[in-house]
Amino acid sequence: MVKNRLRTVNTLAATAVLIASLIGCSSAPTANSSSGDSKAAPMDLSVMFYTSANIQITHDDNEAIKFLEKKFNVKLTIMDTPINDYTTKQNTIVASGSIPDVMVWNAFPDAALSGYLKQGAFMQLDKYIDKAPNLKKYPQMIWDNVKVDGHFYMIPRVRPIVRTGVLIRKDWLDKLNLPIPKTTDDLAKVAIAFTKNDPDGDGIADTYGIATDPKLSNLNPLFAAFGTGNGWLKQTDGTLVNSFITPGMNQSLQFLRDLYAQGALSKDFPVQQGNTRKELQSGKAGIILESYIIDYAQDIAALKKVDPKAELIYIDPPVGPTGISGYYAGSGNAAGWVMPATAKPEKVDKILEIMNWEASEEGYHFNKYGIDGIHNTKNADGTFTTNEKYIKDDLKELIMVSPYDIYSYSDTGAPLDVQKVQRDALDKVKDKGIAAPFASYISPTQIQKNEEINNKLRYDYFTRIITGQLPATAFDEFVAKWKSGGGEQITKETNDFYKSQGSK
C-alpha cells in the first residue's frame with residue numbers, strides 16, 4: 001500500500017529562484033545557452049523513466065544532461081530503467097512511498113494508476129498546466145483523454161493517434177512471387193509460405209511468418225479485422241462488450257491456432273517477451289502486424305547487417321471477413337508524467353517550466369537534434385544531421401515532452417531515405433484508426449481484478465488455445481471464468497459510465 005505520507009527521492013538543496021520565461025524562443029540551443037540564475041543553488045530534481053530494451057543512458061559526460069542542468073539551474077538525478085523491468089519498478093517505488101519528483105507512468109488508462117490516484121498518491125496538476133502555454137497547445141482531445149474525474153494528474157507524452165503499421169519483408173514476397181497480402185486469408189497464406197518455402201534461400205527451415213509475444217500485444221490489427229472493437233465493442237443495442245470476450249476474439253485465436261500448428265508463428269512466442277523485434281531483425285520472422293514506425297530505422301539497420309538485400313515495407317492492415325480493417329487508435333499519448341502529491345509547489349513549477357520549454361520550437365530542436373555543433377552537423381541546405389554523440393547521450397529518452405507533431409515518430413538521425421519511409425508510413429496510417437468508445441475510464445472492479453482476469457487468466461487461456469494445449473472450444477470456458485471472476489461486474493460498471501456520458 002501507498003504510505004500515508006509520500007516522500008520524494010531527493011530533498012530540496014536550497015531555495016530555488018524561478019527563471020524568466022522562455023516561451024516563444026525559437027533559436028536553436030547552443031552549448032553556452034543558459035537561463036538559470038547562477039547565484040542560486042541548483043534545485044535537486046529526480047526524474048524516472050524507461051529506456052528502450054537495448055539502450056542505457058550514459059550519465060557521465062552527457063552533454064544533454066549538462067545543458068539542461070545549466071539552462072534550468074537544476075541538479076538532475078536520472079533514474080532510467082530498461083523497459084522490460086519498468087512496470088515492476090514503477091509499482092514497487094510508488095508502494096514504497098519514495099516517489100521521484102517526476103516519473104513516467106507507462107500505461108494509461110491503467111488499473112494500478114487508478115488505484116494510486118484514489119489513495120492520493122499523485123498531485124492534481126490543473127493549476128500548474130495553466131502556467132504552461134506550450135503544453136496547452138496540445139489538441140484538446142489529448143488533454144480530455146487523460147482526465148480523471150474531471151482533473152489532470154498526468155502530463156501526456158503526446159504521440160500521433162495512430163503510430164504503428166504492418167511491417168513485412170518485401171524481398172521475401174518477391175523471392176516467393178507472392179503479392180502483398182490484402183486480407184486475413186492472404187496474410188495466412190503469406191505467413192505459411194514464409195515458414196515452408198525458404199524465403200531467405202539458405203536451404204534451412206529457419207524462418208516463419210508472424211512474430212509476437214506472450215501478451216499478443218502486437219496483433220491488434222488482426223483482432224480489429226475480426227471485429228473485436230478497441231478495448232470495448234459497441235453492439236447494435238448501444239451497450240458495450242469487452243473485446244476479450246467477443247466472437248471476433250475467438251475467431252482471431254482460431255486463426256492464430258491454425259498458423260501456429262503450421263509453424264507460421266514463432267514456436268517460442270509464449271516465452272519470448274520483449275523479443276518480437278529481435279525476431280524480425282535477426283532475419284527469422286517476416287511480419288510484424290503492429291510495429292512502431294519510429295522503430296523502423298533501428299529495424300532496417302539491424303536487418304541489413306544480417307541480410308544486406310533485405311527490404312522492409314509498410315502495408316495496409318489486413319481486411320477481415322466482414323470488411324473491417326484498421327489499427328487500434330490511441331488516445332494521443334504514450335501515457336505520461338506524474339508527480340507525487342507531496343511535491344513542493346516550487347518543484348512542480350520548475351518541472352512544468354522545463355516541459356513548457358521542451359514543447360517550444362527551441363526545445364523541439366533540442367529534442368530532435370541536440371546541441372548544435374555537439375550533437376549535430378548543420379548541412380549546406382540548412383538541415384541538421386545528428387551524430388554518434390546524439391545517440392550516446394540518448395536525447396530521445398531523456399526529453400520529457402515535445403510539441404504535437406504527427407511526424408515525431410520519424411527518426412531524424414536516420415538516413416533521409418529511411419526518414420521518408422517513416423513519414424510516408426505515418427501518412428499512410430493516420431486515417432486508419434479504430435477509436436475506443438472512451439479513453440480514460442477504468443471501472444472500480446477492474447482496478448481490483450485486472451491482473452487476475454485481464455492479464456493472468458487471459459494470457460493463460462489465449463496462449464494455450466493458440467498452441468493447442470487446450471481445445472479450440474476452451475474459449476467459452478475462458479469467457480465464463482472471465483465473467484464470474486469479475487468481468488460481468490466490470491461490464492456493468494463500464495456500461496453505466498458510458499451511459500452517464502450521454503452515449504446511447
# chains A, B, ... in the order shown; residues from 1 in each chain; ligands from 1

call {"tool": "select_by_dssp", "arguments": {"residues": "range 43-260 of chain A", "states": "strand (DSSP E or B)", "output": "number ranges by chain"}}
result
A: 43-51, 74-82, 98-99, 102-105, 122, 147-148, 151-152, 155-158, 164-169, 183, 208-210, 230, 232-234, 240-242

call {"tool": "closest_atom_pairs", "arguments": {"of": "range 377-486 of chain A", "to": "range 144-153 of chain A", "cutoff": "10 Å", "atoms": "only C-alpha atoms", "output": "JSON lines"}}
result
{"residue": "A:Phe438", "atom": "CA", "partner": "A:Asn145", "partner_atom": "CA", "distance": 8.0}
{"residue": "A:Ala439", "atom": "CA", "partner": "A:Asn145", "partner_atom": "CA", "distance": 5.4}
{"residue": "A:Ser440", "atom": "CA", "partner": "A:Asn145", "partner_atom": "CA", "distance": 5.7}
{"residue": "A:Tyr441", "atom": "CA", "partner": "A:Val148", "partner_atom": "CA", "distance": 7.6}
{"residue": "A:Ile442", "atom": "CA", "partner": "A:Val148", "partner_atom": "CA", "distance": 9.7}

call {"tool": "closest_atom_pairs", "arguments": {"of": "range 286-318 of chain A", "to": "range 213-235 of chain A", "cutoff": "9 Å", "atoms": "only C-alpha atoms", "output": "tab-separated table"}}
result
residue	atom	partner	partner_atom	distance
A:Ile288	CA	A:Asn218	CA	7.3
A:Leu289	CA	A:Leu219	CA	5.7
A:Glu290	CA	A:Asn218	CA	4.8
A:Ser291	CA	A:Asn218	CA	7.0
A:Pro317	CA	A:Pro221	CA	6.1
A:Pro318	CA	A:Ala225	CA	6.5

call {"tool": "atom_distance", "arguments": {"atom1": "CA of Asp424 in chain A", "atom2": "CA of Lys182 in chain A"}}
result
18.7 Å

call {"tool": "residues_around", "arguments": {"residues": "Asp427 in chain A", "least_positions_apart": "6", "cutoff": "10 Å", "atoms": "only C-alpha atoms", "output": "ChimeraX atom specification"}}
result
/A:162-163,406-407,421

call {"tool": "residues_around", "arguments": {"residues": "Leu68 in chain A", "least_positions_apart": "6", "cutoff": "9 Å", "atoms": "only C-alpha atoms", "output": "list in words"}}
result
Ser34, Val74, Lys75, Leu76 and Ile354 of chain A

call {"tool": "write_last_selection", "arguments": {"atoms": "all heavy atoms", "output": "PDB file, in the first residue's frame"}}
result
ATOM      1  N   SER A  34      21.958  29.344 -21.686  1.00  0.00           N
ATOM      2  CA  SER A  34      21.630  29.195 -20.270  1.00  0.00           C
ATOM      3  C   SER A  34      20.630  30.252 -19.857  1.00  0.00           C
ATOM      4  O   SER A  34      20.675  31.377 -20.309  1.00  0.00           O
ATOM      5  CB  SER A  34      22.888  29.322 -19.410  1.00  0.00           C
ATOM      6  OG  SER A  34      22.541  29.319 -18.038  1.00  0.00           O
ATOM      7  N   VAL A  74      19.326  23.326 -12.306  1.00  0.00           N
ATOM      8  CA  VAL A  74      18.880  22.151 -11.563  1.00  0.00           C
ATOM      9  C   VAL A  74      20.018  21.144 -11.495  1.00  0.00           C
ATOM     10  O   VAL A  74      20.978  21.201 -12.265  1.00  0.00           O
ATOM     11  CB  VAL A  74      17.650  21.496 -12.226  1.00  0.00           C
ATOM     12  CG1 VAL A  74      16.443  22.427 -12.158  1.00  0.00           C
ATOM     13  CG2 VAL A  74      17.945  21.088 -13.666  1.00  0.00           C
ATOM     14  N   LYS A  75      19.883  20.217 -10.565  1.00  0.00           N
ATOM     15  CA  LYS A  75      20.764  19.058 -10.487  1.00  0.00           C
ATOM     16  C   LYS A  75      19.889  17.835 -10.677  1.00  0.00           C
ATOM     17  O   LYS A  75      19.027  17.533  -9.845  1.00  0.00           O
ATOM     18  CB  LYS A  75      21.481  19.003  -9.137  1.00  0.00           C
ATOM     19  CG  LYS A  75      22.384  17.771  -8.969  1.00  0.00           C
ATOM     20  CD  LYS A  75      23.507  17.756  -9.994  1.00  0.00           C
ATOM     21  CE  LYS A  75      24.415  16.543  -9.797  1.00  0.00           C
ATOM     22  NZ  LYS A  75      25.458  16.464 -10.855  1.00  0.00           N
ATOM     23  N   LEU A  76      20.082  17.142 -11.800  1.00  0.00           N
ATOM     24  CA  LEU A  76      19.204  16.038 -12.164  1.00  0.00           C
ATOM     25  C   LEU A  76      19.735  14.700 -11.658  1.00  0.00           C
ATOM     26  O   LEU A  76      20.908  14.380 -11.860  1.00  0.00           O
ATOM     27  CB  LEU A  76      19.042  15.969 -13.681  1.00  0.00           C
ATOM     28  CG  LEU A  76      18.395  17.182 -14.361  1.00  0.00           C
ATOM     29  CD1 LEU A  76      18.446  17.029 -15.876  1.00  0.00           C
ATOM     30  CD2 LEU A  76      16.961  17.358 -13.887  1.00  0.00           C
ATOM     31  N   ILE A 354      10.364  23.442 -17.368  1.00  0.00           N
ATOM     32  CA  ILE A 354      11.212  22.664 -18.274  1.00  0.00           C
ATOM     33  C   ILE A 354      10.365  22.043 -19.384  1.00  0.00           C
ATOM     34  O   ILE A 354      10.714  22.107 -20.572  1.00  0.00           O
ATOM     35  CB  ILE A 354      11.979  21.577 -17.503  1.00  0.00           C
ATOM     36  CG1 ILE A 354      12.944  22.212 -16.498  1.00  0.00           C
ATOM     37  CG2 ILE A 354      12.754  20.678 -18.476  1.00  0.00           C
ATOM     38  CD1 ILE A 354      13.593  21.226 -15.546  1.00  0.00           C
TER      39      ILE A 354
END

call {"tool": "closest_residue", "arguments": {"among": "A:Ala297, A:Ala436, A:Met79, A:Ile210", "to": "Ala414 in chain A", "atoms": "only C-alpha atoms"}}
result
A:Ala297

call {"tool": "residues_around", "arguments": {"residues": "Leu259 in chain A", "least_positions_apart": "5", "cutoff": "8 Å", "atoms": "only C-alpha atoms", "output": "count of residues only"}}
result
5

call {"tool": "atom_distance", "arguments": {"atom1": "CA of Trp105 in chain A", "atom2": "CA of Thr342 in chain A"}}
result
17.2 Å

call {"tool": "residues_around", "arguments": {"residues": "Gly238 in chain A", "least_positions_apart": "2", "cutoff": "12 Å", "atoms": "only C-alpha atoms", "output": "ChimeraX atom specification"}}
result
/A:232-236,240-241,437,495-496,498-499,502-504

call {"tool": "residues_around", "arguments": {"residues": "Ala329 in chain A", "least_positions_apart": "3", "cutoff": "10 Å", "atoms": "only C-alpha atoms", "output": "number ranges by chain"}}
result
A: 160-164, 230, 326, 332, 429-436
